[in-house]
Amino acid sequence: MRHHLQAWARLLLAAGALPLHLAAQSPGPPPDPRYKVDILLIVAHPDDESVVSGYLARAILDQHKRVGVIYGTRGDGGGNEAGPEQAAALGAVREIEARKANAALGIDLVWFLDGKDTPSQDVLQSLETWHHGASLEQTVRLVRLTRPAIIMTWLPQFVIGENHGDHQAAGVLATEAFDLAANPTAYPSQVTPARNRTSIANLTEGLTVWQPQKLYFFSDRDDWTPFRTAGPRYSVTDVSPATGAPYYRTQAASLANHLTQGEGGRLAAQAIKTGDYTAYLKAQEAFAGTADVQLILGKALSDGPETGDVFQGVTERPAAWRPLAAGGEGPAPTLSLGGPWGFYRAFARAHGIERAGGLIPEELGVNPAVTVRLPLVVRNAGGEATFRLSVALPAGWTEQSGSGSYVVAAQGSIDLQLRLTAPASAGPAADLVVSLADRSRTIGTVRLKVRALGTMPL
Ligand SMILES: [Zn+2]
């Protein structure tokens with residue numbers, strides 16, 4: 001029957017005529033073009049956008065790119081330098097500050113997840129308070145809605161520096177969404193067309209799957225030296241042909257809206273008022289040794305130098321789904337760091353970002369004089385055995401507990417903690433070495449770069 005109809009249609013086509021009821025019908029409107037962006041920025045807090053706004057100004061003003069932003073939280077933690085509002089009230093204030101800051105950059109597509117501002121260095125705590133699953137579902141939804149070529153986000157890595165767990169949680173969600181948004185089996189109700197689009201009670205979302213083409217990171221690490229060759233760097237002192245002013249002026253005009261957040265916003269507002277940007281630029285430099293924007297290439301569907309321009313190799317047409325290669329676990333080490341370090345090692349492998357994830361050593365920065373718990377995992381590939389754990393500490397560090405003998409079942413693993421107290425005052429980084437031995441020899445070693453400095457609690 002079908003065969004017969006096709007033959008009939010071919011005959012009509014050959015005659016140059018097509019009856020009205022066989023004319024091509026539109027299955028529905030295309031995705032709403034008002035929400036299509038070139039770059040989707042996924043960050044944690046209002047004002048995080050300022051780390052890359054010196055680049056976004058260039059992309060928006062002079063390359064006519066469209067940008068959307070997702071914030072994981074409303075910034076409801078922390079102090080308020082502009083008024084008495086705190087907690088949820090502060091979140092309401094900061095949402096508006098963020099919307100104004102983005103409007104100053106020409107960005108009006110701004111969404112907030114419902115994550116709680118969580119002041120800690122541990123990404124796993126932030127993922128918990130952000131309700132990881134719900135936040136990821138919404139992030140994937142927004143990637144499918146905005147269909148970005150580029151996703152930019154915080155580096156999912158434990159670093160010496162501010163090392164905000166919320167920043168890293170944004171990086172984790174963004175990386176996961178990059179790999180999931182084109183997968184039709186991930187949140188399938190999002191990509192199922194509605195039964196009757198213009199009527200009510202449609203329970204599927206009518207979005208389309210989408211594969212972004214490049215994933216870029218930036219970091220809150222103190223020292224950006226290892227990142228210099230891992231991605232493009234954009235000068236904020238370059239002059240925008242569109243405005244005739246350096247990009248840092250647009251950046252400052254945006255940052256000046258974040259008055260609850262202290263120095264950055266205050267200095268930006270002052271610079272705009274006086275026309276003297278010296279103090280503003282100096283404060284920007286203090287963050288990472290430069291006011292410029294340093295990006296780190298996380299993933300790219302196209303080939304090209306890591307330091308090439310963000311849009312190098314990016315095509316206009318939608319990219320095909322790039323399913324992740326099934327990466328094996330490899331032989332498990334006998335002794336390894338657990339907690340966020342262990343998570344990131346597995347995460348980098350699972351998402352194919354080993355290069356970006358391996359730019360820096362495993363490291364830890366803590367406040368002077370605090371006691372921290374260092375999570376360790378011991379795996380035993382043989383029969384039941386007794387192992388001895390010991391630690392060689394840099395000067396000034398002391399051990400409270402953790403060293404000693406442990407019995408591990410055959411083919412089993414145990415989680416241990418070393419409780420360590422940091423030196424009383426800030427100092428340079430040094431290596432801490434944890435060793436595991438059986439009766440006759442050392443069978444596992446973990447090296448961690450540690451440093452006492454002023455940062456957030458772990
Ligand atoms: Zn932040």
# chains A, B, ... in the order shown; residues from 1 in each chain; ligands from 1
>>> residues_around(residues="Leu180 in chain A", least_positions_apart="5", cutoff="12 Å", atoms="only C-alpha atoms", output="list of chain:residue names")
A:Leu136, A:Glu137, A:Gln138, A:Thr139, A:Val140, A:Arg141, A:Leu142, A:Val143, A:Arg144, A:Leu173, A:Ala174, A:Thr175, A:Thr185, A:Ala186, A:Tyr187, A:Pro188, A:Val209, A:Trp210, A:Gln211, A:Pro212, A:Trp321, A:Arg322, A:Pro323, A:Leu324, A:His351
>>> residues_near_ligand(ligand="ligand 1", cutoff="9 Å", atoms="only C-alpha atoms and all ligand atoms", output="VMD selection string")
chain A and resid 43 to 49 75 117 164 166 to 167 220
>>> write_last_selection(atoms="C-alpha atoms", output="tab-separated table (two decimals), in the first residue's frame")
chain	number	residue	atom	x	y	z
A	43	VAL	CA	28.91	29.88	37.62
A	44	ALA	CA	28.09	29.71	41.31
A	45	HIS	CA	27.46	33.20	42.69
A	46	PRO	CA	26.40	36.68	41.61
A	47	ASP	CA	29.74	38.44	40.75
A	48	ASP	CA	31.44	35.23	39.51
A	49	GLU	CA	30.79	36.48	35.98
A	75	GLY	CA	24.70	34.31	46.83
A	117	ASP	CA	25.47	29.41	48.98
A	164	HIS	CA	35.30	27.65	46.66
A	166	ASP	CA	30.42	26.19	45.07
A	167	HIS	CA	32.61	27.32	42.16
A	220	ASP	CA	40.12	30.66	41.55
>>> closest_residue(among="A:Thr73, A:Thr237, A:Gln63, A:Ser199", to="Thr129 in chain A", atoms="only C-alpha atoms")
A:Thr73
>>> residues_around(residues="Asp76 in chain A", least_positions_apart="5", cutoff="12 Å", atoms="only C-alpha atoms", output="list of chain:residue names")
A:Ala44, A:His45, A:Pro46, A:Tyr71, A:Glu85, A:Gln86, A:Ala87, A:Ala88, A:Ala89, A:Leu90, A:Gly91, A:Ala92, A:Val93, A:Arg94, A:Glu95, A:Asp114, A:Gly115, A:Lys116, A:Asp117, A:Thr118, A:Pro119, A:Thr260, A:Gln261
>>> write_last_selection(atoms="N, CA and C atoms", output="CSV table (one decimal), in the first residue's frame")
chain,number,residue,atom,x,y,z
A,44,ALA,N,28.7,30.0,40.0
A,44,ALA,CA,28.1,29.7,41.3
A,44,ALA,C,27.4,30.9,41.9
A,45,HIS,N,28.0,32.1,41.9
A,45,HIS,CA,27.5,33.2,42.7
A,45,HIS,C,27.3,34.5,41.8
A,46,PRO,N,26.4,35.3,42.2
A,46,PRO,CA,26.4,36.7,41.6
A,46,PRO,C,27.8,37.3,41.9
A,71,TYR,N,23.4,30.9,37.3
A,71,TYR,CA,24.0,30.9,38.6
A,71,TYR,C,23.5,29.8,39.4
A,85,GLU,N,20.5,43.6,55.0
A,85,GLU,CA,19.9,42.3,54.5
A,85,GLU,C,20.9,41.1,54.5
A,86,GLN,N,20.4,40.0,55.0
A,86,GLN,CA,21.2,38.8,55.2
A,86,GLN,C,20.4,37.6,54.7
A,87,ALA,N,21.1,36.5,54.5
A,87,ALA,CA,20.5,35.2,54.2
A,87,ALA,C,19.6,35.3,52.9
A,88,ALA,N,18.4,34.8,53.1
A,88,ALA,CA,17.5,34.7,51.9
A,88,ALA,C,17.2,36.2,51.4
A,89,ALA,N,17.1,37.1,52.3
A,89,ALA,CA,16.9,38.5,51.8
A,89,ALA,C,18.1,39.0,51.0
A,90,LEU,N,19.3,38.6,51.5
A,90,LEU,CA,20.5,39.0,50.7
A,90,LEU,C,20.5,38.3,49.3
A,91,GLY,N,20.0,37.1,49.3
A,91,GLY,CA,19.9,36.4,48.0
A,91,GLY,C,19.0,37.1,47.0
A,92,ALA,N,17.9,37.7,47.6
A,92,ALA,CA,17.0,38.4,46.7
A,92,ALA,C,17.7,39.7,46.2
A,93,VAL,N,18.5,40.3,47.1
A,93,VAL,CA,19.2,41.5,46.7
A,93,VAL,C,20.2,41.2,45.6
A,94,ARG,N,21.0,40.1,45.8
A,94,ARG,CA,22.1,39.7,44.9
A,94,ARG,C,21.5,39.3,43.6
A,95,GLU,N,20.3,38.7,43.6
A,95,GLU,CA,19.8,38.3,42.3
A,95,GLU,C,19.6,39.5,41.4
A,114,ASP,N,18.6,26.6,42.4
A,114,ASP,CA,18.2,26.9,43.8
A,114,ASP,C,19.2,26.4,44.8
A,115,GLY,N,20.5,26.3,44.4
A,115,GLY,CA,21.5,25.9,45.3
A,115,GLY,C,21.7,26.9,46.4
A,116,LYS,N,22.1,26.3,47.6
A,116,LYS,CA,22.4,27.2,48.7
A,116,LYS,C,23.9,27.6,48.7
A,117,ASP,N,24.1,28.9,48.9
A,117,ASP,CA,25.5,29.4,49.0
A,117,ASP,C,26.2,28.7,50.1
A,118,THR,N,27.2,27.9,49.8
A,118,THR,CA,27.8,27.0,50.8
A,118,THR,C,29.3,27.3,51.0
A,119,PRO,N,29.7,28.1,52.0
A,119,PRO,CA,31.1,28.5,52.1
A,119,PRO,C,32.0,27.4,52.6
A,260,THR,N,26.9,44.8,47.4
A,260,THR,CA,26.9,44.0,48.6
A,260,THR,C,28.1,43.3,48.9
A,261,GLN,N,28.9,43.1,47.8
A,261,GLN,CA,30.1,42.1,47.8
A,261,GLN,C,31.4,42.8,48.2
>>> closest_residue(among="A:Gly161, A:Pro226, A:Pro27, A:Pro232", to="Phe311 in chain A", atoms="only C-alpha atoms")
A:Pro232
>>> select_by_dssp(residues="range 74-171 of chain A", states="alpha helix (DSSP H)", output="number ranges by chain")
A: 87-105, 123-129, 132-146, 165-171
>>> write_last_selection(atoms="N, CA and C atoms", output="compact mmCIF listing (two decimals), in the first residue's frame")
# COMPACT_ATOMS: atom_id res chain seq x y z
N ALA A 87 21.13 36.50 54.47
CA ALA A 87 20.54 35.20 54.17
C ALA A 87 19.61 35.27 52.95
N ALA A 88 18.36 34.79 53.07
CA ALA A 88 17.47 34.74 51.90
C ALA A 88 17.21 36.15 51.35
N ALA A 89 17.15 37.14 52.27
CA ALA A 89 16.95 38.53 51.83
C ALA A 89 18.14 39.01 51.02
N LEU A 90 19.33 38.60 51.46
CA LEU A 90 20.54 38.96 50.71
C LEU A 90 20.52 38.29 49.33
N GLY A 91 20.02 37.05 49.28
CA GLY A 91 19.89 36.36 48.00
C GLY A 91 18.99 37.13 47.04
N ALA A 92 17.90 37.67 47.57
CA ALA A 92 16.97 38.45 46.74
C ALA A 92 17.65 39.71 46.21
N VAL A 93 18.47 40.34 47.08
CA VAL A 93 19.21 41.54 46.66
C VAL A 93 20.24 41.18 45.58
N ARG A 94 20.96 40.10 45.84
CA ARG A 94 22.05 39.75 44.92
C ARG A 94 21.54 39.25 43.56
N GLU A 95 20.34 38.68 43.57
CA GLU A 95 19.78 38.29 42.26
C GLU A 95 19.62 39.53 41.39
N ILE A 96 19.13 40.62 42.00
CA ILE A 96 18.95 41.86 41.22
C ILE A 96 20.30 42.46 40.83
N GLU A 97 21.26 42.43 41.77
CA GLU A 97 22.59 42.94 41.43
C GLU A 97 23.17 42.18 40.23
N ALA A 98 22.96 40.85 40.23
CA ALA A 98 23.48 40.04 39.12
C ALA A 98 22.78 40.38 37.81
N ARG A 99 21.46 40.57 37.88
CA ARG A 99 20.73 40.91 36.65
C ARG A 99 21.20 42.26 36.09
N LYS A 100 21.44 43.22 36.99
CA LYS A 100 21.92 44.54 36.54
C LYS A 100 23.34 44.43 35.98
N ALA A 101 24.20 43.64 36.65
CA ALA A 101 25.58 43.47 36.19
C ALA A 101 25.60 42.85 34.79
N ASN A 102 24.71 41.88 34.56
CA ASN A 102 24.63 41.26 33.25
C ASN A 102 24.05 42.21 32.21
N ALA A 103 23.05 43.00 32.61
CA ALA A 103 22.46 43.97 31.68
C ALA A 103 23.53 44.95 31.20
N ALA A 104 24.48 45.30 32.10
CA ALA A 104 25.56 46.22 31.73
C ALA A 104 26.48 45.61 30.68
N LEU A 105 26.47 44.28 30.59
CA LEU A 105 27.28 43.59 29.57
C LEU A 105 26.44 43.29 28.32
N VAL A 123 33.81 20.43 47.30
CA VAL A 123 32.78 20.39 46.26
C VAL A 123 31.66 19.42 46.60
N LEU A 124 31.99 18.35 47.32
CA LEU A 124 30.97 17.34 47.62
C LEU A 124 29.93 17.90 48.58
N GLN A 125 30.35 18.81 49.47
CA GLN A 125 29.37 19.47 50.34
C GLN A 125 28.46 20.38 49.53
N SER A 126 29.05 21.12 48.60
CA SER A 126 28.23 22.02 47.77
C SER A 126 27.24 21.22 46.91
N LEU A 127 27.69 20.12 46.33
CA LEU A 127 26.79 19.32 45.50
C LEU A 127 25.62 18.79 46.33
N GLU A 128 25.90 18.52 47.60
CA GLU A 128 24.84 18.03 48.48
C GLU A 128 23.83 19.14 48.78
N THR A 129 24.32 20.31 49.16
CA THR A 129 23.38 21.39 49.51
C THR A 129 22.70 21.99 48.27
N HIS A 132 22.21 18.01 43.94
CA HIS A 132 22.92 17.74 42.70
C HIS A 132 22.00 17.29 41.55
N GLY A 133 21.14 16.32 41.82
CA GLY A 133 20.30 15.78 40.75
C GLY A 133 19.36 16.82 40.16
N ALA A 134 18.69 17.56 41.03
CA ALA A 134 17.73 18.57 40.55
C ALA A 134 18.47 19.70 39.82
N SER A 135 19.64 20.08 40.36
CA SER A 135 20.41 21.16 39.72
C SER A 135 20.91 20.73 38.34
N LEU A 136 21.32 19.47 38.23
CA LEU A 136 21.81 18.98 36.94
C LEU A 136 20.67 18.91 35.92
N GLU A 137 19.52 18.44 36.37
CA GLU A 137 18.36 18.37 35.45
C GLU A 137 18.05 19.77 34.88
N GLN A 138 18.07 20.77 35.75
CA GLN A 138 17.77 22.14 35.29
C GLN A 138 18.89 22.67 34.39
N THR A 139 20.13 22.33 34.70
CA THR A 139 21.26 22.80 33.87
C THR A 139 21.16 22.19 32.47
N VAL A 140 20.87 20.89 32.41
CA VAL A 140 20.71 20.24 31.10
C VAL A 140 19.54 20.88 30.33
N ARG A 141 18.46 21.15 31.05
CA ARG A 141 17.29 21.81 30.43
C ARG A 141 17.70 23.14 29.80
N LEU A 142 18.48 23.93 30.54
CA LEU A 142 18.86 25.26 30.05
C LEU A 142 19.88 25.18 28.91
N VAL A 143 20.73 24.14 28.90
CA VAL A 143 21.63 23.94 27.76
C VAL A 143 20.79 23.63 26.52
N ARG A 144 19.78 22.78 26.69
CA ARG A 144 18.92 22.43 25.55
C ARG A 144 18.08 23.62 25.09
N LEU A 145 17.70 24.47 26.00
CA LEU A 145 16.93 25.66 25.63
C LEU A 145 17.81 26.68 24.91
N THR A 146 19.04 26.89 25.40
CA THR A 146 19.88 27.98 24.88
C THR A 146 20.83 27.53 23.77
N GLY A 165 34.06 25.60 47.08
CA GLY A 165 33.35 24.38 46.69
C GLY A 165 32.19 24.67 45.76
N ASP A 166 31.52 25.81 45.95
CA ASP A 166 30.42 26.19 45.07
C ASP A 166 30.91 26.43 43.63
N HIS A 167 32.07 27.09 43.51
CA HIS A 167 32.61 27.32 42.16
C HIS A 167 32.80 25.98 41.46
N GLN A 168 33.40 25.04 42.20
CA GLN A 168 33.66 23.72 41.60
C GLN A 168 32.37 22.96 41.31
N ALA A 169 31.36 23.15 42.15
CA ALA A 169 30.06 22.49 41.89
C ALA A 169 29.48 22.98 40.57
N ALA A 170 29.64 24.28 40.30
CA ALA A 170 29.18 24.82 39.00
C ALA A 170 29.96 24.15 37.87
N GLY A 171 31.27 23.95 38.07
CA GLY A 171 32.11 23.29 37.06
C GLY A 171 31.72 21.84 36.83
>>> residues_around(residues="range 421-437 of chain A", least_positions_apart="3", cutoff="6 Å", atoms="only C-alpha atoms", output="list in words")
Pro368, Ala369, Val370, Thr371, Phe387, Arg388, Leu389, Ser390, Val391, Ala392, Leu393, Pro394, Gly396, Trp397, Thr398, Arg441, Thr442, Ile443, Gly444, Thr445, Val446, Arg447, Leu448, Lys449, Val450, Arg451, Ala452 and Leu453 of chain A
>>> select_by_dssp(residues="range 225-458 of chain A", states="strand (DSSP E)", output="number ranges by chain")
A: 233-234, 293-294, 296-300, 335-337, 363-366, 371-379, 385-392, 398-401, 404-408, 413-421, 430-437, 442-452
>>> atom_distance(atom1="CA of Val51 in chain A", atom2="CA of Pro156 in chain A")
15.6 Å
>>> residues_around(residues="Asp303 in chain A", least_positions_apart="3", cutoff="12 Å", atoms="only C-alpha atoms", output="VMD selection string")
chain A and resid 213 to 214 297 299 to 300 306 to 308 311 to 314
>>> write_last_selection(atoms="N, CA and C atoms", output="JSON list (two decimals), in the first residue's frame")
[["chain", "number", "residue", "atom", "x", "y", "z"],
["A", 213, "GLN", "N", 30.01, 22.59, 21.56],
["A", 213, "GLN", "CA", 31.24, 22.22, 20.83],
["A", 213, "GLN", "C", 32.51, 22.39, 21.65],
["A", 214, "LYS", "N", 32.52, 23.32, 22.59],
["A", 214, "LYS", "CA", 33.72, 23.52, 23.40],
["A", 214, "LYS", "C", 33.34, 23.82, 24.85],
["A", 297, "LEU", "N", 41.19, 25.29, 28.21],
["A", 297, "LEU", "CA", 40.36, 24.45, 27.33],
["A", 297, "LEU", "C", 40.09, 23.11, 28.01],
["A", 299, "LYS", "N", 37.33, 20.76, 26.89],
["A", 299, "LYS", "CA", 36.98, 19.80, 25.85],
["A", 299, "LYS", "C", 36.69, 20.58, 24.58],
["A", 300, "ALA", "N", 36.97, 19.94, 23.43],
["A", 300, "ALA", "CA", 36.62, 20.54, 22.15],
["A", 300, "ALA", "C", 36.26, 19.43, 21.18],
["A", 306, "GLU", "N", 45.29, 24.59, 21.80],
["A", 306, "GLU", "CA", 44.56, 24.90, 23.04],
["A", 306, "GLU", "C", 44.42, 26.41, 23.25],
["A", 307, "THR", "N", 45.47, 27.14, 22.83],
["A", 307, "THR", "CA", 45.47, 28.59, 23.09],
["A", 307, "THR", "C", 44.76, 29.36, 21.98],
["A", 308, "GLY", "N", 44.19, 28.67, 20.99],
["A", 308, "GLY", "CA", 43.48, 29.35, 19.92],
["A", 308, "GLY", "C", 42.25, 30.07, 20.44],
["A", 311, "PHE", "N", 36.33, 30.83, 19.55],
["A", 311, "PHE", "CA", 35.45, 30.42, 18.46],
["A", 311, "PHE", "C", 36.18, 29.75, 17.31],
["A", 312, "GLN", "N", 37.50, 29.54, 17.45],
["A", 312, "GLN", "CA", 38.25, 28.83, 16.42],
["A", 312, "GLN", "C", 37.73, 27.40, 16.30],
["A", 313, "GLY", "N", 37.40, 27.00, 15.07],
["A", 313, "GLY", "CA", 36.94, 25.63, 14.84],
["A", 313, "GLY", "C", 35.46, 25.41, 15.15],
["A", 314, "VAL", "N", 34.79, 26.44, 15.67],
["A", 314, "VAL", "CA", 33.36, 26.29, 16.01],
["A", 314, "VAL", "C", 32.53, 26.47, 14.76]]
>>> atom_distance(atom1="CA of Asn163 in chain A", atom2="CA of Ser53 in chain A")
19.8 Å
>>> atom_distance(atom1="CA of Asp122 in chain A", atom2="CA of Arg373 in chain A")
11.7 Å
